[in-house]
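Trainee: Okay, so here is upload-v3.txt, and as you'll see once you scroll down, it has compact mmCIF, N, CA and C atoms.
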# COMPACT_ATOMS: atom_id res chain seq x y z
N MET A 19 -11.78 1.97 -5.55
CA MET A 19 -12.79 2.43 -4.63
C MET A 19 -13.50 1.21 -4.03
N ILE A 20 -13.61 1.21 -2.74
CA ILE A 20 -14.34 0.14 -2.06
C ILE A 20 -15.42 0.80 -1.22
N LYS A 21 -16.53 1.10 -1.89
CA LYS A 21 -17.66 1.74 -1.22
C LYS A 21 -18.55 0.65 -0.63
N ILE A 22 -18.94 0.85 0.61
CA ILE A 22 -19.79 -0.12 1.30
C ILE A 22 -21.01 0.61 1.84
N SER A 23 -22.16 0.06 1.52
CA SER A 23 -23.40 0.62 2.05
C SER A 23 -23.50 0.28 3.53
N ILE A 24 -23.75 1.27 4.34
CA ILE A 24 -23.87 1.06 5.78
C ILE A 24 -25.01 0.10 6.08
N ARG A 25 -26.06 0.14 5.26
CA ARG A 25 -27.21 -0.77 5.46
C ARG A 25 -26.85 -2.23 5.20
N ASP A 26 -25.78 -2.47 4.41
CA ASP A 26 -25.38 -3.84 4.08
C ASP A 26 -24.52 -4.50 5.16
N ILE A 27 -24.24 -3.78 6.24
CA ILE A 27 -23.43 -4.34 7.32
C ILE A 27 -24.37 -4.94 8.36
N PRO A 28 -24.45 -6.29 8.42
CA PRO A 28 -25.35 -6.93 9.38
C PRO A 28 -24.81 -6.83 10.81
N SER A 29 -25.61 -7.22 11.77
CA SER A 29 -25.21 -7.12 13.18
C SER A 29 -23.99 -7.99 13.49
N LYS A 30 -23.82 -9.09 12.77
CA LYS A 30 -22.65 -9.96 13.00
C LYS A 30 -21.40 -9.44 12.29
N GLY A 31 -21.56 -8.41 11.49
CA GLY A 31 -20.42 -7.84 10.77
C GLY A 31 -20.41 -8.26 9.32
N LEU A 32 -19.53 -7.67 8.56
CA LEU A 32 -19.42 -7.93 7.13
C LEU A 32 -17.96 -8.21 6.80
N ASP A 33 -17.72 -9.32 6.10
CA ASP A 33 -16.37 -9.66 5.66
C ASP A 33 -16.24 -9.36 4.17
N ILE A 34 -15.11 -8.78 3.81
CA ILE A 34 -14.83 -8.42 2.42
C ILE A 34 -13.51 -9.08 2.02
N ASP A 35 -13.48 -9.62 0.82
CA ASP A 35 -12.25 -10.18 0.24
C ASP A 35 -12.28 -9.83 -1.24
N ARG A 36 -11.49 -8.82 -1.62
CA ARG A 36 -11.50 -8.34 -3.01
C ARG A 36 -10.08 -8.08 -3.50
N ASP A 37 -9.90 -8.24 -4.79
CA ASP A 37 -8.68 -7.80 -5.46
C ASP A 37 -9.01 -6.51 -6.18
N VAL A 38 -8.18 -5.49 -5.93
CA VAL A 38 -8.43 -4.16 -6.48
C VAL A 38 -7.14 -3.68 -7.16
N SER A 39 -7.29 -3.06 -8.31
CA SER A 39 -6.11 -2.49 -8.98
C SER A 39 -5.71 -1.21 -8.23
N MET A 40 -4.45 -0.79 -8.43
CA MET A 40 -4.03 0.44 -7.77
C MET A 40 -4.85 1.63 -8.28
N GLU A 41 -5.23 1.60 -9.57
CA GLU A 41 -6.08 2.66 -10.12
C GLU A 41 -7.46 2.62 -9.48
N GLY A 42 -7.91 1.42 -9.12
CA GLY A 42 -9.21 1.26 -8.46
C GLY A 42 -9.24 1.90 -7.08
N LEU A 43 -8.05 2.08 -6.49
CA LEU A 43 -7.96 2.77 -5.20
C LEU A 43 -7.59 4.25 -5.39
N GLY A 44 -7.44 4.66 -6.65
CA GLY A 44 -7.09 6.06 -6.91
C GLY A 44 -5.60 6.33 -6.78
N LEU A 45 -4.78 5.28 -6.87
CA LEU A 45 -3.33 5.44 -6.78
C LEU A 45 -2.73 5.58 -8.17
N SER A 46 -1.64 6.33 -8.26
CA SER A 46 -0.94 6.46 -9.54
C SER A 46 0.49 5.93 -9.39
N CYS A 47 1.14 5.68 -10.53
CA CYS A 47 2.52 5.19 -10.54
C CYS A 47 3.47 6.20 -9.91
N GLU A 48 3.15 7.48 -9.94
CA GLU A 48 4.00 8.50 -9.34
C GLU A 48 3.98 8.42 -7.82
N GLU A 49 2.87 7.93 -7.27
CA GLU A 49 2.74 7.86 -5.81
C GLU A 49 3.38 6.61 -5.22
N VAL A 50 3.18 5.49 -5.91
CA VAL A 50 3.65 4.21 -5.38
C VAL A 50 3.74 3.20 -6.51
N ASP A 51 4.69 2.27 -6.41
CA ASP A 51 4.85 1.22 -7.41
C ASP A 51 4.27 -0.08 -6.86
N ILE A 52 3.09 -0.44 -7.33
CA ILE A 52 2.46 -1.69 -6.92
C ILE A 52 2.34 -2.56 -8.16
N ARG A 53 2.89 -3.76 -8.08
CA ARG A 53 3.04 -4.60 -9.28
C ARG A 53 2.00 -5.69 -9.42
N THR A 54 1.14 -5.85 -8.45
CA THR A 54 0.08 -6.86 -8.52
C THR A 54 -1.23 -6.21 -8.07
N PRO A 55 -2.34 -6.87 -8.36
CA PRO A 55 -3.58 -6.37 -7.76
C PRO A 55 -3.45 -6.38 -6.24
N ILE A 56 -4.12 -5.46 -5.59
CA ILE A 56 -4.08 -5.35 -4.14
C ILE A 56 -5.20 -6.21 -3.57
N ASN A 57 -4.83 -7.23 -2.79
CA ASN A 57 -5.83 -8.06 -2.15
C ASN A 57 -6.24 -7.38 -0.85
N VAL A 58 -7.53 -7.08 -0.72
CA VAL A 58 -8.06 -6.41 0.46
C VAL A 58 -9.00 -7.37 1.18
N LYS A 59 -8.66 -7.67 2.43
CA LYS A 59 -9.55 -8.45 3.29
C LYS A 59 -9.90 -7.56 4.47
N ALA A 60 -11.17 -7.46 4.77
CA ALA A 60 -11.59 -6.57 5.85
C ALA A 60 -12.80 -7.15 6.57
N HIS A 61 -12.90 -6.81 7.83
CA HIS A 61 -14.09 -7.14 8.63
C HIS A 61 -14.62 -5.82 9.17
N LEU A 62 -15.91 -5.55 8.86
CA LEU A 62 -16.55 -4.31 9.31
C LEU A 62 -17.66 -4.65 10.28
N GLU A 63 -17.74 -3.86 11.36
CA GLU A 63 -18.79 -4.04 12.36
C GLU A 63 -19.35 -2.69 12.76
N LYS A 64 -20.67 -2.68 12.97
CA LYS A 64 -21.30 -1.47 13.50
C LYS A 64 -21.32 -1.60 15.02
N THR A 65 -20.81 -0.59 15.69
CA THR A 65 -20.82 -0.56 17.15
C THR A 65 -21.31 0.81 17.56
N GLY A 66 -22.52 0.86 18.01
CA GLY A 66 -23.11 2.14 18.38
C GLY A 66 -23.20 3.05 17.18
N ASN A 67 -22.54 4.18 17.26
CA ASN A 67 -22.57 5.20 16.21
C ASN A 67 -21.31 5.17 15.34
N VAL A 68 -20.62 4.01 15.31
CA VAL A 68 -19.34 3.91 14.61
C VAL A 68 -19.29 2.59 13.85
N VAL A 69 -18.67 2.64 12.66
CA VAL A 69 -18.32 1.42 11.94
C VAL A 69 -16.82 1.23 12.12
N ILE A 70 -16.45 0.08 12.64
CA ILE A 70 -15.05 -0.26 12.84
C ILE A 70 -14.64 -1.23 11.75
N ALA A 71 -13.53 -0.92 11.08
CA ALA A 71 -13.04 -1.77 10.00
C ALA A 71 -11.62 -2.21 10.32
N ALA A 72 -11.42 -3.53 10.34
CA ALA A 72 -10.08 -4.10 10.46
C ALA A 72 -9.73 -4.63 9.08
N ALA A 73 -8.73 -4.02 8.45
CA ALA A 73 -8.39 -4.36 7.07
C ALA A 73 -6.96 -4.89 6.98
N ARG A 74 -6.77 -5.80 6.03
CA ARG A 74 -5.44 -6.31 5.73
C ARG A 74 -5.27 -6.28 4.22
N ILE A 75 -4.17 -5.72 3.77
CA ILE A 75 -3.91 -5.71 2.33
C ILE A 75 -2.66 -6.54 2.05
N ARG A 76 -2.61 -7.08 0.85
CA ARG A 76 -1.45 -7.84 0.40
C ARG A 76 -1.20 -7.47 -1.05
N ALA A 77 0.07 -7.14 -1.37
CA ALA A 77 0.44 -6.79 -2.74
C ALA A 77 1.95 -6.86 -2.88
N GLU A 78 2.39 -6.85 -4.13
CA GLU A 78 3.83 -6.79 -4.39
C GLU A 78 4.18 -5.34 -4.72
N PHE A 79 5.07 -4.78 -3.90
CA PHE A 79 5.49 -3.40 -4.04
C PHE A 79 6.85 -3.36 -4.73
N GLY A 80 7.03 -2.42 -5.63
CA GLY A 80 8.30 -2.23 -6.31
C GLY A 80 9.05 -1.06 -5.71
N PHE A 81 10.37 -1.19 -5.68
CA PHE A 81 11.22 -0.14 -5.13
C PHE A 81 12.44 0.04 -6.01
N LEU A 82 13.08 1.18 -5.88
CA LEU A 82 14.32 1.49 -6.58
C LEU A 82 15.34 1.83 -5.50
N CYS A 83 16.47 1.12 -5.47
CA CYS A 83 17.49 1.38 -4.47
C CYS A 83 17.98 2.81 -4.62
N ALA A 84 18.06 3.53 -3.52
CA ALA A 84 18.46 4.94 -3.53
C ALA A 84 19.94 5.13 -3.84
N ARG A 85 20.74 4.08 -3.70
CA ARG A 85 22.18 4.21 -3.96
C ARG A 85 22.61 3.65 -5.32
N CYS A 86 22.15 2.44 -5.65
CA CYS A 86 22.64 1.80 -6.89
C CYS A 86 21.59 1.79 -7.99
N LEU A 87 20.40 2.25 -7.71
CA LEU A 87 19.29 2.34 -8.66
C LEU A 87 18.81 0.97 -9.17
N GLN A 88 19.12 -0.09 -8.43
CA GLN A 88 18.65 -1.43 -8.79
C GLN A 88 17.16 -1.55 -8.45
N GLU A 89 16.40 -2.11 -9.40
CA GLU A 89 14.98 -2.36 -9.15
C GLU A 89 14.83 -3.60 -8.30
N MET A 90 13.85 -3.57 -7.41
CA MET A 90 13.55 -4.73 -6.58
C MET A 90 12.07 -4.71 -6.26
N SER A 91 11.57 -5.85 -5.83
CA SER A 91 10.18 -5.91 -5.42
C SER A 91 10.06 -6.80 -4.20
N GLU A 92 8.98 -6.57 -3.47
CA GLU A 92 8.77 -7.31 -2.23
C GLU A 92 7.27 -7.46 -1.99
N ALA A 93 6.85 -8.69 -1.72
CA ALA A 93 5.46 -8.91 -1.33
C ALA A 93 5.31 -8.44 0.11
N GLN A 94 4.30 -7.64 0.35
CA GLN A 94 4.08 -7.10 1.70
C GLN A 94 2.64 -7.30 2.10
N GLU A 95 2.46 -7.47 3.40
CA GLU A 95 1.13 -7.53 3.98
C GLU A 95 1.08 -6.44 5.05
N ARG A 96 0.05 -5.63 4.99
CA ARG A 96 -0.10 -4.53 5.93
C ARG A 96 -1.49 -4.57 6.55
N SER A 97 -1.56 -4.23 7.82
CA SER A 97 -2.85 -4.23 8.54
C SER A 97 -3.20 -2.82 8.99
N TYR A 98 -4.50 -2.52 8.92
CA TYR A 98 -4.98 -1.20 9.30
C TYR A 98 -6.28 -1.35 10.08
N LYS A 99 -6.55 -0.34 10.93
CA LYS A 99 -7.84 -0.24 11.63
C LYS A 99 -8.39 1.15 11.35
N PHE A 100 -9.67 1.18 11.00
CA PHE A 100 -10.32 2.45 10.70
C PHE A 100 -11.62 2.55 11.48
N ASP A 101 -11.95 3.76 11.89
CA ASP A 101 -13.24 4.05 12.54
C ASP A 101 -13.97 5.07 11.68
N PHE A 102 -15.21 4.78 11.38
CA PHE A 102 -16.06 5.70 10.61
C PHE A 102 -17.24 6.09 11.49
N GLU A 103 -17.33 7.38 11.82
CA GLU A 103 -18.48 7.83 12.59
C GLU A 103 -19.70 7.86 11.68
N LEU A 104 -20.80 7.33 12.18
CA LEU A 104 -22.02 7.27 11.38
C LEU A 104 -22.74 8.61 11.43
N ASP A 105 -23.16 9.03 10.28
CA ASP A 105 -23.90 10.28 10.12
C ASP A 105 -25.17 9.90 9.37
N PRO A 106 -26.35 10.33 9.85
CA PRO A 106 -27.61 9.97 9.17
C PRO A 106 -27.65 10.37 7.70
N ALA A 107 -26.89 11.37 7.31
CA ALA A 107 -26.88 11.84 5.91
C ALA A 107 -25.99 10.99 5.02
N VAL A 108 -25.14 10.15 5.61
CA VAL A 108 -24.19 9.36 4.84
C VAL A 108 -24.69 7.92 4.72
N GLU A 109 -24.75 7.43 3.48
CA GLU A 109 -25.22 6.06 3.23
C GLU A 109 -24.08 5.07 3.03
N TYR A 110 -22.91 5.57 2.61
CA TYR A 110 -21.78 4.70 2.28
C TYR A 110 -20.52 5.13 3.02
N ILE A 111 -19.63 4.17 3.22
CA ILE A 111 -18.28 4.48 3.67
C ILE A 111 -17.34 4.03 2.57
N ASP A 112 -16.24 4.76 2.41
CA ASP A 112 -15.28 4.43 1.37
C ASP A 112 -14.01 3.89 2.01
N LEU A 113 -13.96 2.59 2.17
CA LEU A 113 -12.80 1.93 2.74
C LEU A 113 -11.58 2.10 1.84
N GLY A 114 -11.80 2.16 0.55
CA GLY A 114 -10.71 2.30 -0.42
C GLY A 114 -9.93 3.59 -0.24
N GLU A 115 -10.60 4.68 0.05
CA GLU A 115 -9.93 5.97 0.24
C GLU A 115 -9.01 5.92 1.47
N GLU A 116 -9.47 5.29 2.53
CA GLU A 116 -8.66 5.16 3.74
C GLU A 116 -7.42 4.31 3.46
N ILE A 117 -7.60 3.21 2.75
CA ILE A 117 -6.48 2.34 2.40
C ILE A 117 -5.50 3.07 1.50
N ARG A 118 -6.01 3.82 0.54
CA ARG A 118 -5.16 4.60 -0.37
C ARG A 118 -4.25 5.54 0.41
N GLN A 119 -4.82 6.26 1.34
CA GLN A 119 -4.04 7.20 2.14
C GLN A 119 -2.97 6.49 2.97
N GLU A 120 -3.32 5.36 3.55
CA GLU A 120 -2.36 4.61 4.36
C GLU A 120 -1.21 4.06 3.51
N ILE A 121 -1.51 3.59 2.30
CA ILE A 121 -0.46 3.08 1.42
C ILE A 121 0.51 4.20 1.06
N ILE A 122 0.00 5.37 0.74
CA ILE A 122 0.86 6.51 0.39
C ILE A 122 1.73 6.89 1.59
N MET A 123 1.13 6.98 2.77
CA MET A 123 1.88 7.40 3.96
C MET A 123 2.95 6.37 4.35
N ALA A 124 2.70 5.09 4.09
CA ALA A 124 3.64 4.04 4.48
C ALA A 124 4.73 3.82 3.43
N ASN A 125 4.61 4.47 2.27
CA ASN A 125 5.60 4.29 1.21
C ASN A 125 6.91 4.97 1.63
N PRO A 126 8.00 4.21 1.75
CA PRO A 126 9.24 4.82 2.23
C PRO A 126 9.84 5.78 1.21
N ALA A 127 10.46 6.83 1.71
CA ALA A 127 11.09 7.83 0.83
C ALA A 127 12.39 7.28 0.23
N ARG A 128 13.13 6.49 1.00
CA ARG A 128 14.39 5.90 0.55
C ARG A 128 14.40 4.43 0.89
N VAL A 129 14.83 3.62 -0.06
CA VAL A 129 14.97 2.19 0.14
C VAL A 129 16.34 1.78 -0.34
N LEU A 130 17.01 0.91 0.41
CA LEU A 130 18.29 0.36 -0.02
C LEU A 130 18.11 -1.12 -0.34
N CYS A 131 18.81 -1.58 -1.37
CA CYS A 131 18.72 -3.00 -1.73
C CYS A 131 19.32 -3.88 -0.64
N ARG A 132 20.30 -3.34 0.08
CA ARG A 132 20.88 -3.99 1.25
C ARG A 132 21.59 -2.92 2.07
N LYS A 133 21.83 -3.20 3.34
CA LYS A 133 22.41 -2.19 4.24
C LYS A 133 23.77 -1.69 3.77
N ASP A 134 24.57 -2.59 3.21
CA ASP A 134 25.92 -2.20 2.79
C ASP A 134 26.02 -1.90 1.30
N CYS A 135 24.94 -1.42 0.69
CA CYS A 135 24.96 -1.09 -0.73
C CYS A 135 26.04 -0.07 -1.02
N LYS A 136 26.88 -0.35 -2.01
CA LYS A 136 28.01 0.51 -2.36
C LYS A 136 27.62 1.61 -3.35
N GLY A 137 26.46 1.48 -3.97
CA GLY A 137 25.99 2.50 -4.90
C GLY A 137 26.62 2.38 -6.27
N ILE A 138 26.62 3.50 -7.00
CA ILE A 138 27.19 3.53 -8.34
C ILE A 138 28.36 4.51 -8.37
N CYS A 139 29.29 4.27 -9.27
CA CYS A 139 30.42 5.18 -9.44
C CYS A 139 29.91 6.49 -10.04
N PRO A 140 30.24 7.62 -9.44
CA PRO A 140 29.77 8.90 -9.98
C PRO A 140 30.41 9.28 -11.32
N LYS A 141 31.52 8.62 -11.66
CA LYS A 141 32.19 8.93 -12.93
C LYS A 141 31.70 8.05 -14.06
N CYS A 142 31.77 6.72 -13.88
CA CYS A 142 31.44 5.81 -14.99
C CYS A 142 30.06 5.17 -14.86
N GLY A 143 29.44 5.27 -13.68
CA GLY A 143 28.08 4.75 -13.51
C GLY A 143 27.98 3.27 -13.27
N VAL A 144 29.11 2.57 -13.05
CA VAL A 144 29.06 1.13 -12.82
C VAL A 144 28.48 0.85 -11.42
N ASN A 145 27.68 -0.22 -11.32
CA ASN A 145 27.12 -0.63 -10.04
C ASN A 145 28.23 -1.29 -9.23
N LEU A 146 28.67 -0.64 -8.16
CA LEU A 146 29.80 -1.11 -7.37
C LEU A 146 29.49 -2.37 -6.56
N ASN A 147 28.25 -2.76 -6.50
CA ASN A 147 27.88 -4.03 -5.86
C ASN A 147 28.17 -5.21 -6.78
N VAL A 148 28.20 -4.95 -8.07
CA VAL A 148 28.33 -6.00 -9.08
C VAL A 148 29.77 -6.12 -9.59
N GLU A 149 30.41 -4.99 -9.84
CA GLU A 149 31.77 -5.03 -10.36
C GLU A 149 32.59 -3.88 -9.80
N LYS A 150 33.91 -4.03 -9.89
CA LYS A 150 34.82 -3.00 -9.40
C LYS A 150 35.01 -1.93 -10.48
N CYS A 151 35.00 -0.71 -10.06
CA CYS A 151 35.16 0.43 -10.97
C CYS A 151 36.60 0.52 -11.44
N LYS A 152 36.78 0.91 -12.71
CA LYS A 152 38.12 1.05 -13.29
C LYS A 152 38.57 2.51 -13.38
N CYS A 153 37.80 3.39 -12.76
CA CYS A 153 38.15 4.82 -12.76
C CYS A 153 39.37 5.05 -11.88
N VAL A 154 40.11 6.10 -12.20
CA VAL A 154 41.32 6.44 -11.43
C VAL A 154 40.93 7.36 -10.31
Hey, can you dump this file as structure tokens for me?
Mentor:
Amino acid sequence: MIKISIRDIPSKGLDIDRDVSMEGLGLSCEEVDIRTPINVKAHLEKTGNVVIAAARIRAEFGFLCARCLQEMSEAQERSYKFDFELDPAVEYIDLGEEIRQEIIMANPARVLCRKDCKGICPKCGVNLNVEKCKCV
């Protein structure tokens, strides 16, 4: 959770640089595989009746190849822009919730370790990228 008090955003804007665990953003292992703390850098500005947030996250994401089931990981950097309409009844904005939703939506349904992945043999289970199958 990255809650920011609207009163703490000065006229020149507010810069944030934090490391947050995936649990700190409300993410679970079932939703996404993140292997490092998530570095969140953001600049927030009040413009009229809106808070504009330009955020950048950096983390190492884990994936499982859809064909050969090989585990892999990749450091990724993603950028987001968010607009929060100001409401007199609201004192805080939750940048973490917005980032959480974007991470889930950007998580690919299928990942391949490489374009020409041969997968696994359906009979013996050998990884065909690594060795040749001896099945008939």
Trainee: Provide the atom CA of A:Leu87 to atom CA of A:Leu45 distance in Å, to one decimal place.
Mentor: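 So the two atoms, atom CA of A:Leu87 and atom CA of A:Leu45, lie 22.9 Å apart.
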Trainee: Around (-20.6, 1.7, 14.2), as given in the file, which residues come within 8 Å? Count only C-alpha atoms and list them as a PyMOL selection string.
Mentor: chain A and resi 63-70+101-104
Trainee: Create the file for the chosen residues now, containing N, CA and C atoms and written as a PDB file, in the frame of the given file.
Mentor:
ATOM      1  N   GLU A  63     -17.740  -3.860  11.360  1.00  0.00           N
ATOM      2  CA  GLU A  63     -18.790  -4.040  12.360  1.00  0.00           C
ATOM      3  C   GLU A  63     -19.350  -2.690  12.760  1.00  0.00           C
ATOM      4  N   LYS A  64     -20.670  -2.680  12.970  1.00  0.00           N
ATOM      5  CA  LYS A  64     -21.300  -1.470  13.500  1.00  0.00           C
ATOM      6  C   LYS A  64     -21.320  -1.600  15.020  1.00  0.00           C
ATOM      7  N   THR A  65     -20.810  -0.590  15.690  1.00  0.00           N
ATOM      8  CA  THR A  65     -20.820  -0.560  17.150  1.00  0.00           C
ATOM      9  C   THR A  65     -21.310   0.810  17.560  1.00  0.00           C
ATOM     10  N   GLY A  66     -22.520   0.860  18.010  1.00  0.00           N
ATOM     11  CA  GLY A  66     -23.110   2.140  18.380  1.00  0.00           C
ATOM     12  C   GLY A  66     -23.200   3.050  17.180  1.00  0.00           C
ATOM     13  N   ASN A  67     -22.540   4.180  17.260  1.00  0.00           N
ATOM     14  CA  ASN A  67     -22.570   5.200  16.210  1.00  0.00           C
ATOM     15  C   ASN A  67     -21.310   5.170  15.340  1.00  0.00           C
ATOM     16  N   VAL A  68     -20.620   4.010  15.310  1.00  0.00           N
ATOM     17  CA  VAL A  68     -19.340   3.910  14.610  1.00  0.00           C
ATOM     18  C   VAL A  68     -19.290   2.590  13.850  1.00  0.00           C
ATOM     19  N   VAL A  69     -18.670   2.640  12.660  1.00  0.00           N
ATOM     20  CA  VAL A  69     -18.320   1.420  11.940  1.00  0.00           C
ATOM     21  C   VAL A  69     -16.820   1.230  12.120  1.00  0.00           C
ATOM     22  N   ILE A  70     -16.450   0.080  12.640  1.00  0.00           N
ATOM     23  CA  ILE A  70     -15.050  -0.260  12.840  1.00  0.00           C
ATOM     24  C   ILE A  70     -14.640  -1.230  11.750  1.00  0.00           C
ATOM     25  N   ASP A 101     -11.950   3.760  11.890  1.00  0.00           N
ATOM     26  CA  ASP A 101     -13.240   4.050  12.540  1.00  0.00           C
ATOM     27  C   ASP A 101     -13.970   5.070  11.680  1.00  0.00           C
ATOM     28  N   PHE A 102     -15.210   4.780  11.380  1.00  0.00           N
ATOM     29  CA  PHE A 102     -16.060   5.700  10.610  1.00  0.00           C
ATOM     30  C   PHE A 102     -17.240   6.090  11.490  1.00  0.00           C
ATOM     31  N   GLU A 103     -17.330   7.380  11.820  1.00  0.00           N
ATOM     32  CA  GLU A 103     -18.480   7.830  12.590  1.00  0.00           C
ATOM     33  C   GLU A 103     -19.700   7.860  11.680  1.00  0.00           C
ATOM     34  N   LEU A 104     -20.800   7.330  12.180  1.00  0.00           N
ATOM     35  CA  LEU A 104     -22.020   7.270  11.380  1.00  0.00           C
ATOM     36  C   LEU A 104     -22.740   8.610  11.430  1.00  0.00           C
TER      37      LEU A 104
END
Trainee: Might you pull out every residue within 7 Å of stretch 135-152 of chain A, with all atoms listed in the file counted and same-chain residues fewer than 6 positions away left off, and present them as an NGL selection string?
Mentor: :A and (84-87)
Trainee: For each of A:Lys133, A:Arg25, A:Lys99, A:Arg53, take the minimum atom-to-atom distance to A:Ala72, counting only N, CA and C atoms, then give the residue where this is smallest.
Mentor: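 Of A:Lys133, A:Arg25, A:Lys99, A:Arg53, the one nearest A:Ala72, counting only N, CA and C atoms, is A:Lys99.
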Trainee: State, in Å with one decimal place, the distance from atom N of A:Met123 to atom CA of A:Val50.
Mentor: 9.0 Å
Trainee: Can you tell me, as number ranges by chain, which residues in stretch 50-102 of chain A count as strand (DSSP E or B) by DSSP?
Mentor: A: 52, 56-65, 68-82, 89-102
Trainee: Report, in Å with one decimal, the straight-line distance from atom C of A:Lys59 to atom C of A:Val108.
Mentor: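 That distance, rounded to one decimal, is 21.4 Å.
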Trainee: Could you pull out all residues of chain A with a DSSP call of alpha helix (DSSP H) and give them as a list in words?
Mentor: Leu113, Gly114, Glu115, Glu116, Ile117, Arg118, Gln119, Glu120, Ile121, Ile122, Met123 and Ala124 of chain A
